[in-house]
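The structure file start28.pdb is reproduced below (PDB, C-alpha atoms).
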```
ATOM      1  CA  MET A   1      -5.017 -13.560  14.100  1.00  0.00           C
ATOM      2  CA  ALA A   2      -6.827 -13.597  17.412  1.00  0.00           C
ATOM      3  CA  ALA A   3      -6.028 -11.337  20.322  1.00  0.00           C
ATOM      4  CA  GLU A   4      -7.681 -13.092  23.249  1.00  0.00           C
ATOM      5  CA  ASN A   5      -4.555 -12.704  25.395  1.00  0.00           C
ATOM      6  CA  GLY A   6      -3.238  -9.476  23.870  1.00  0.00           C
ATOM      7  CA  LEU A   7      -2.681  -6.114  25.510  1.00  0.00           C
ATOM      8  CA  ALA A   8      -6.452  -5.622  25.868  1.00  0.00           C
ATOM      9  CA  SER A   9      -6.461  -8.400  28.454  1.00  0.00           C
ATOM     10  CA  LEU A  10      -4.217  -6.247  30.664  1.00  0.00           C
ATOM     11  CA  GLY A  11      -6.813  -3.523  31.095  1.00  0.00           C
ATOM     12  CA  VAL A  12      -6.031   0.197  31.145  1.00  0.00           C
ATOM     13  CA  ASP A  13      -3.808   0.110  34.236  1.00  0.00           C
ATOM     14  CA  GLY A  14      -1.912  -2.969  33.092  1.00  0.00           C
ATOM     15  CA  ALA A  15      -1.365  -1.583  29.597  1.00  0.00           C
ATOM     16  CA  ALA A  16      -0.134   1.734  31.056  1.00  0.00           C
ATOM     17  CA  ALA A  17       2.275  -0.129  33.346  1.00  0.00           C
ATOM     18  CA  ALA A  18       3.499  -2.225  30.418  1.00  0.00           C
ATOM     19  CA  ALA A  19       4.039   0.891  28.288  1.00  0.00           C
ATOM     20  CA  HIS A  20       6.031   2.527  31.090  1.00  0.00           C
ATOM     21  CA  ALA A  21       8.114  -0.611  31.656  1.00  0.00           C
ATOM     22  CA  LEU A  22       8.908  -0.874  27.949  1.00  0.00           C
ATOM     23  CA  SER A  23      10.147   2.722  27.879  1.00  0.00           C
ATOM     24  CA  LEU A  24      12.853   2.148  30.497  1.00  0.00           C
ATOM     25  CA  PRO A  25      16.452   1.455  29.401  1.00  0.00           C
ATOM     26  CA  ALA A  26      17.419  -2.186  28.895  1.00  0.00           C
ATOM     27  CA  GLU A  27      20.012  -2.012  31.687  1.00  0.00           C
ATOM     28  CA  ALA A  28      17.154  -1.672  34.180  1.00  0.00           C
ATOM     29  CA  TYR A  29      16.027  -5.251  33.567  1.00  0.00           C
ATOM     30  CA  GLY A  30      18.658  -7.838  32.767  1.00  0.00           C
ATOM     31  CA  ASN A  31      16.849 -10.982  31.592  1.00  0.00           C
ATOM     32  CA  ASP A  32      13.440 -10.444  33.173  1.00  0.00           C
ATOM     33  CA  PRO A  33      10.973 -13.072  31.853  1.00  0.00           C
ATOM     34  CA  GLN A  34       8.022 -10.739  32.488  1.00  0.00           C
ATOM     35  CA  LEU A  35       9.619  -8.125  30.260  1.00  0.00           C
ATOM     36  CA  GLU A  36      10.124 -10.709  27.537  1.00  0.00           C
ATOM     37  CA  ILE A  37       6.415 -11.535  27.723  1.00  0.00           C
ATOM     38  CA  MET A  38       5.513  -7.839  27.456  1.00  0.00           C
ATOM     39  CA  TRP A  39       7.821  -7.462  24.438  1.00  0.00           C
ATOM     40  CA  ALA A  40       6.261 -10.512  22.816  1.00  0.00           C
ATOM     41  CA  MET A  41       2.780  -9.109  23.429  1.00  0.00           C
ATOM     42  CA  LYS A  42       3.765  -5.737  21.953  1.00  0.00           C
ATOM     43  CA  ALA A  43       5.333  -7.416  18.901  1.00  0.00           C
ATOM     44  CA  TYR A  44       2.234  -9.587  18.443  1.00  0.00           C
ATOM     45  CA  GLN A  45      -0.053  -6.566  18.686  1.00  0.00           C
ATOM     46  CA  HIS A  46       2.025  -4.725  16.074  1.00  0.00           C
ATOM     47  CA  ALA A  47       1.888  -7.754  13.757  1.00  0.00           C
ATOM     48  CA  GLU A  48      -1.866  -8.084  14.188  1.00  0.00           C
ATOM     49  CA  ILE A  49      -2.480  -4.413  13.424  1.00  0.00           C
ATOM     50  CA  TYR A  50      -0.220  -4.500  10.391  1.00  0.00           C
ATOM     51  CA  PHE A  51      -1.813  -7.647   8.959  1.00  0.00           C
ATOM     52  CA  ASN A  52      -5.298  -6.182   9.465  1.00  0.00           C
ATOM     53  CA  LEU A  53      -4.129  -3.026   7.711  1.00  0.00           C
ATOM     54  CA  ILE A  54      -2.789  -4.801   4.618  1.00  0.00           C
ATOM     55  CA  SER A  55      -5.957  -6.905   4.576  1.00  0.00           C
ATOM     56  CA  SER A  56      -8.169  -3.806   4.525  1.00  0.00           C
ATOM     57  CA  VAL A  57      -6.266  -1.342   2.328  1.00  0.00           C
ATOM     58  CA  ASP A  58      -4.375  -2.090  -0.870  1.00  0.00           C
ATOM     59  CA  PRO A  59      -0.792  -2.108   0.458  1.00  0.00           C
ATOM     60  CA  VAL A  60       0.540  -0.419  -2.687  1.00  0.00           C
ATOM     61  CA  PHE A  61      -0.914   2.826  -1.296  1.00  0.00           C
ATOM     62  CA  LEU A  62       0.329   2.473   2.299  1.00  0.00           C
ATOM     63  CA  LYS A  63       2.894   4.750   3.848  1.00  0.00           C
ATOM     64  CA  LEU A  64       4.428   3.179   6.967  1.00  0.00           C
ATOM     65  CA  THR A  65       6.794   5.972   8.041  1.00  0.00           C
ATOM     66  CA  LYS A  66       7.603   9.581   7.195  1.00  0.00           C
ATOM     67  CA  VAL A  67      10.784   8.359   5.505  1.00  0.00           C
ATOM     68  CA  ASP A  68       9.487   5.452   3.395  1.00  0.00           C
ATOM     69  CA  ASP A  69      11.283   6.734   0.292  1.00  0.00           C
ATOM     70  CA  LYS A  70      14.626   6.931   2.098  1.00  0.00           C
ATOM     71  CA  ILE A  71      14.183   3.465   3.642  1.00  0.00           C
ATOM     72  CA  TYR A  72      13.158   1.893   0.338  1.00  0.00           C
ATOM     73  CA  THR A  73      15.994   3.490  -1.640  1.00  0.00           C
ATOM     74  CA  ALA A  74      18.647   2.507   0.919  1.00  0.00           C
ATOM     75  CA  PHE A  75      17.183  -0.996   1.225  1.00  0.00           C
ATOM     76  CA  ARG A  76      17.192  -1.698  -2.497  1.00  0.00           C
ATOM     77  CA  GLU A  77      20.677  -0.186  -2.892  1.00  0.00           C
ATOM     78  CA  THR A  78      22.005  -2.469  -0.153  1.00  0.00           C
ATOM     79  CA  PHE A  79      19.850  -5.551  -0.784  1.00  0.00           C
ATOM     80  CA  ALA A  80      19.088  -5.352  -4.516  1.00  0.00           C
ATOM     81  CA  ASP A  81      18.857  -9.133  -4.945  1.00  0.00           C
ATOM     82  CA  LEU A  82      17.092 -10.049  -1.695  1.00  0.00           C
ATOM     83  CA  ASN A  83      14.001 -12.173  -2.376  1.00  0.00           C
ATOM     84  CA  ILE A  84      11.386 -10.389  -0.281  1.00  0.00           C
ATOM     85  CA  GLN A  85       8.487 -12.593  -1.356  1.00  0.00           C
ATOM     86  CA  VAL A  86       9.809 -15.529   0.663  1.00  0.00           C
ATOM     87  CA  LEU A  87      12.608 -14.564   3.024  1.00  0.00           C
ATOM     88  CA  ASP A  88      15.324 -16.998   3.946  1.00  0.00           C
ATOM     89  CA  PRO A  89      16.035 -16.567   7.694  1.00  0.00           C
ATOM     90  CA  GLU A  90      19.746 -16.965   6.949  1.00  0.00           C
ATOM     91  CA  GLN A  91      19.604 -13.746   4.920  1.00  0.00           C
ATOM     92  CA  LEU A  92      18.601 -11.948   8.123  1.00  0.00           C
ATOM     93  CA  LYS A  93      20.358 -13.866  10.889  1.00  0.00           C
ATOM     94  CA  SER A  94      23.587 -15.424   9.623  1.00  0.00           C
ATOM     95  CA  THR A  95      26.904 -13.853  10.616  1.00  0.00           C
ATOM     96  CA  GLU A  96      27.410 -12.602   7.037  1.00  0.00           C
ATOM     97  CA  ALA A  97      23.898 -11.190   6.904  1.00  0.00           C
ATOM     98  CA  LYS A  98      24.291  -9.402  10.235  1.00  0.00           C
ATOM     99  CA  GLU A  99      27.464  -7.728   8.961  1.00  0.00           C
ATOM    100  CA  LYS A 100      25.494  -6.363   6.018  1.00  0.00           C
ATOM    101  CA  TRP A 101      22.328  -5.506   7.964  1.00  0.00           C
ATOM    102  CA  ARG A 102      24.085  -3.728  10.861  1.00  0.00           C
ATOM    103  CA  PRO A 103      25.284  -0.650   8.904  1.00  0.00           C
ATOM    104  CA  PHE A 104      21.987  -0.521   7.026  1.00  0.00           C
ATOM    105  CA  CYS A 105      20.011  -0.496  10.272  1.00  0.00           C
ATOM    106  CA  ASN A 106      22.314   1.919  12.089  1.00  0.00           C
ATOM    107  CA  GLN A 107      21.897   4.601   9.430  1.00  0.00           C
ATOM    108  CA  PHE A 108      18.318   4.971  10.686  1.00  0.00           C
ATOM    109  CA  ASP A 109      19.289   5.590  14.314  1.00  0.00           C
ATOM    110  CA  GLY A 110      17.644   8.926  15.135  1.00  0.00           C
ATOM    111  CA  VAL A 111      15.690   8.863  11.863  1.00  0.00           C
ATOM    112  CA  VAL A 112      13.191   6.084  12.597  1.00  0.00           C
ATOM    113  CA  GLU A 113      11.848   5.990  16.130  1.00  0.00           C
ATOM    114  CA  ASP A 114      12.753   2.773  17.945  1.00  0.00           C
ATOM    115  CA  PHE A 115      14.564   1.552  14.807  1.00  0.00           C
ATOM    116  CA  ASN A 116      16.164  -1.359  16.673  1.00  0.00           C
ATOM    117  CA  TYR A 117      13.127  -2.578  18.648  1.00  0.00           C
ATOM    118  CA  GLY A 118      12.175  -6.168  18.068  1.00  0.00           C
ATOM    119  CA  THR A 119       9.188  -6.946  15.896  1.00  0.00           C
ATOM    120  CA  LEU A 120       7.731  -9.867  13.978  1.00  0.00           C
ATOM    121  CA  LEU A 121       8.287 -10.297  10.260  1.00  0.00           C
ATOM    122  CA  ARG A 122       6.523 -12.760   7.964  1.00  0.00           C
ATOM    123  CA  LEU A 123       8.837 -14.969   5.946  1.00  0.00           C
ATOM    124  CA  ASP A 124       6.332 -15.629   3.131  1.00  0.00           C
ATOM    125  CA  CYS A 125       4.436 -12.453   2.274  1.00  0.00           C
ATOM    126  CA  GLN A 126       1.447 -14.388   0.935  1.00  0.00           C
ATOM    127  CA  LYS A 127       0.751 -15.930   4.351  1.00  0.00           C
ATOM    128  CA  ASP A 128      -0.424 -14.733   7.751  1.00  0.00           C
ATOM    129  CA  TYR A 129       1.688 -14.552  10.890  1.00  0.00           C
ATOM    130  CA  THR A 130       2.098 -18.107  12.158  1.00  0.00           C
ATOM    131  CA  GLU A 131       4.831 -19.738  14.197  1.00  0.00           C
ATOM    132  CA  GLU A 132       6.302 -21.309  11.053  1.00  0.00           C
ATOM    133  CA  ASN A 133       6.025 -18.116   8.971  1.00  0.00           C
ATOM    134  CA  THR A 134       7.383 -15.592  11.459  1.00  0.00           C
ATOM    135  CA  ILE A 135      10.852 -14.438  12.386  1.00  0.00           C
ATOM    136  CA  PHE A 136      11.999 -11.918  14.966  1.00  0.00           C
ATOM    137  CA  ALA A 137      13.592  -8.861  13.309  1.00  0.00           C
ATOM    138  CA  THR A 138      14.409  -5.272  14.143  1.00  0.00           C
ATOM    139  CA  ARG A 139      11.831  -2.613  13.444  1.00  0.00           C
ATOM    140  CA  ILE A 140      13.888  -1.099  10.624  1.00  0.00           C
ATOM    141  CA  GLN A 141      14.256  -4.528   8.983  1.00  0.00           C
ATOM    142  CA  PHE A 142      10.475  -4.902   9.201  1.00  0.00           C
ATOM    143  CA  PHE A 143       9.951  -1.469   7.651  1.00  0.00           C
ATOM    144  CA  ALA A 144      12.510  -2.059   4.895  1.00  0.00           C
ATOM    145  CA  VAL A 145      11.080  -5.423   3.854  1.00  0.00           C
ATOM    146  CA  GLU A 146       7.409  -4.462   4.203  1.00  0.00           C
ATOM    147  CA  ILE A 147       7.801  -1.117   2.412  1.00  0.00           C
ATOM    148  CA  ALA A 148       9.473  -2.999  -0.448  1.00  0.00           C
ATOM    149  CA  ARG A 149       6.769  -5.684  -0.427  1.00  0.00           C
ATOM    150  CA  ASN A 150       4.081  -3.006  -0.542  1.00  0.00           C
ATOM    151  CA  ARG A 151       5.694  -0.908  -3.277  1.00  0.00           C
ATOM    152  CA  GLU A 152       6.527  -3.917  -5.413  1.00  0.00           C
ATOM    153  CA  GLY A 153       3.002  -5.327  -5.089  1.00  0.00           C
ATOM    154  CA  HIS A 154       3.889  -8.504  -3.189  1.00  0.00           C
ATOM    155  CA  ASN A 155       1.531  -7.810  -0.264  1.00  0.00           C
ATOM    156  CA  SER A 156      -1.425  -7.083  -2.540  1.00  0.00           C
ATOM    157  CA  VAL A 157      -2.302 -10.791  -2.556  1.00  0.00           C
ATOM    158  CA  ILE A 158      -3.324 -10.504   1.115  1.00  0.00           C
ATOM    159  CA  TYR A 159      -5.633  -7.597   0.325  1.00  0.00           C
ATOM    160  CA  SER A 160      -7.069  -9.299  -2.784  1.00  0.00           C
ATOM    161  CA  THR A 161      -7.701 -12.558  -0.924  1.00  0.00           C
ATOM    162  CA  LYS A 162      -9.566 -10.756   1.892  1.00  0.00           C
ATOM    163  CA  GLN A 163     -11.621  -8.714  -0.598  1.00  0.00           C
ATOM    164  CA  GLN A 164     -12.527 -11.863  -2.535  1.00  0.00           C
ATOM    165  CA  ALA A 165     -13.591 -13.567   0.703  1.00  0.00           C
ATOM    166  CA  LYS A 166     -15.880 -10.603   1.474  1.00  0.00           C
ATOM    167  CA  GLU A 167     -17.407 -10.818  -2.006  1.00  0.00           C
ATOM    168  CA  ASP A 168     -17.945 -14.567  -1.609  1.00  0.00           C
ATOM    169  CA  GLU A 169     -19.721 -13.990   1.734  1.00  0.00           C
ATOM    170  CA  LYS A 170     -22.170 -11.605   0.048  1.00  0.00           C
ATOM    171  CA  LYS A 171     -23.197 -14.285  -2.475  1.00  0.00           C
TER     172      LYS A 171
END
```

Conversion result in C-alpha cells:
Amino acid sequence: MAAENGLASLGVDGAAAAAHALSLPAEAYGNDPQLEIMWAMKAYQHAEIYFNLISSVDPVFLKLTKVDDKIYTAFRETFADLNIQVLDPEQLKSTEAKEKWRPFCNQFDGVVEDFNYGTLLRLDCQKDYTEENTIFATRIQFFAVEIARNREGHNSVIYSTKQQAKEDEKK
C-alpha cells in the first residue's frame, strides 16, 4: 500500500485540522464531501498501518484492543459459522445480517472507543487492501473479524509471505 496522498500530505496543520473536524458530532456536517474525503483518508491510513503490522509481526501474537477476549468470545458466540477467511459482503451488509450485527456492535458502545466509526475490512484475509478486496465496515466489525483471523491463524499467511520475501531478497 502506498501513502503518497495520505494524511502526511496534509502537513502538521492540515492533519491537526482534520483530527479536530473528525471529532465533531455528525450533525455539524450533513453530507460534506470534504468530510467524506477526510474519513476515507483516515480509514485508508488505519488499513495501511494494520496491514504493515500483520506483515511485520506474527498476527497470532497481536492484541488489538484491551478487550480482545471479550470481543472474540462474543463474536464467535454470535457468528460461530461465519467464514472469516473470505467474507461474503452479504454477511455484513444484507438486511438480515444488519439485524444480527446491530446488537453485537451495540454491546461495545462505551467499551470500545469509536466502536461505530467506519473502517476498511479485507474480504479475503490472504490478500492486501485493494478496491476489489475491501469493504466498508464499522470499527467493531473490523476488530471482531481481525481478532478472530489473528487468533485462528488466518492472517499468518500475510506475515509468512512477507518474511519469505525478505529471505528471498537476501539470497

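Residue nearest Asn106 in chain A, chosen from A:Trp39, A:Gln163, A:Gln141, A:Ile158 and counting only C-alpha atoms: A:Gln141.
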
Subject >> the PyMOL selection byres ((chain A and resi 120-132) around 8) applied to the shown file, residues as a PyMOL selection string >> reply: chain A and resi 1+43-44+46-47+51+84-89+118-119+133-137+142+149+154-155+157-158

Original post:
Between A:Thr138, A:Asn83, A:Ser94, A:Asn52, which one has atoms that come closest to Asp109 in chain A, using all atoms listed in the file?
Top reply: A:Thr138

Subject >> Nearest-residue call for Asp114 in chain A, choices A:Glu90, A:Glu96, A:Thr65, A:Ala80, using only C-alpha atoms >> reply: A:Thr65

Decode the PyMOL selection byres ((chain A and resi 111) around 12) for the given file into explicit residues and return them as a PDB file with C-alpha atoms, in the frame of the given file.
```pdb
ATOM      1  CA  THR A  65       6.794   5.972   8.041  1.00  0.00           C
ATOM      2  CA  LYS A  66       7.603   9.581   7.195  1.00  0.00           C
ATOM      3  CA  VAL A  67      10.784   8.359   5.505  1.00  0.00           C
ATOM      4  CA  ASP A  68       9.487   5.452   3.395  1.00  0.00           C
ATOM      5  CA  LYS A  70      14.626   6.931   2.098  1.00  0.00           C
ATOM      6  CA  ILE A  71      14.183   3.465   3.642  1.00  0.00           C
ATOM      7  CA  CYS A 105      20.011  -0.496  10.272  1.00  0.00           C
ATOM      8  CA  ASN A 106      22.314   1.919  12.089  1.00  0.00           C
ATOM      9  CA  GLN A 107      21.897   4.601   9.430  1.00  0.00           C
ATOM     10  CA  PHE A 108      18.318   4.971  10.686  1.00  0.00           C
ATOM     11  CA  ASP A 109      19.289   5.590  14.314  1.00  0.00           C
ATOM     12  CA  GLY A 110      17.644   8.926  15.135  1.00  0.00           C
ATOM     13  CA  VAL A 112      13.191   6.084  12.597  1.00  0.00           C
ATOM     14  CA  GLU A 113      11.848   5.990  16.130  1.00  0.00           C
ATOM     15  CA  ASP A 114      12.753   2.773  17.945  1.00  0.00           C
ATOM     16  CA  PHE A 115      14.564   1.552  14.807  1.00  0.00           C
ATOM     17  CA  ASN A 116      16.164  -1.359  16.673  1.00  0.00           C
ATOM     18  CA  ILE A 140      13.888  -1.099  10.624  1.00  0.00           C
TER      19      ILE A 140
END
```

Original post:
Just how far from CA of Lys100 in chain A is CA of Glu48 in chain A, in Å to one decimal?
Top reply: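 Between these atoms lies a distance of 28.6 Å.
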
**OP:** Can you pull out every residue within 12 Å of Leu62 in chain A, counting only C-alpha atoms, but drop anything in the same chain fewer than 2 positions away, and send it as an NGL selection string?
**Re:** :A and (50 or 53-60 or 64-66 or 68-69 or 143 or 146-153 or 155-156 or 159)

Original post:
Expressed in Å to a single decimal, how great is the separation between CA of Gln34 in chain A and CA of Ala144 in chain A?
Top reply: 29.3 Å

Subject >> Atomic separation - CA of Tyr72 in chain A relative to CA of Gln45 in chain A, Å >> reply: 24.1 Å
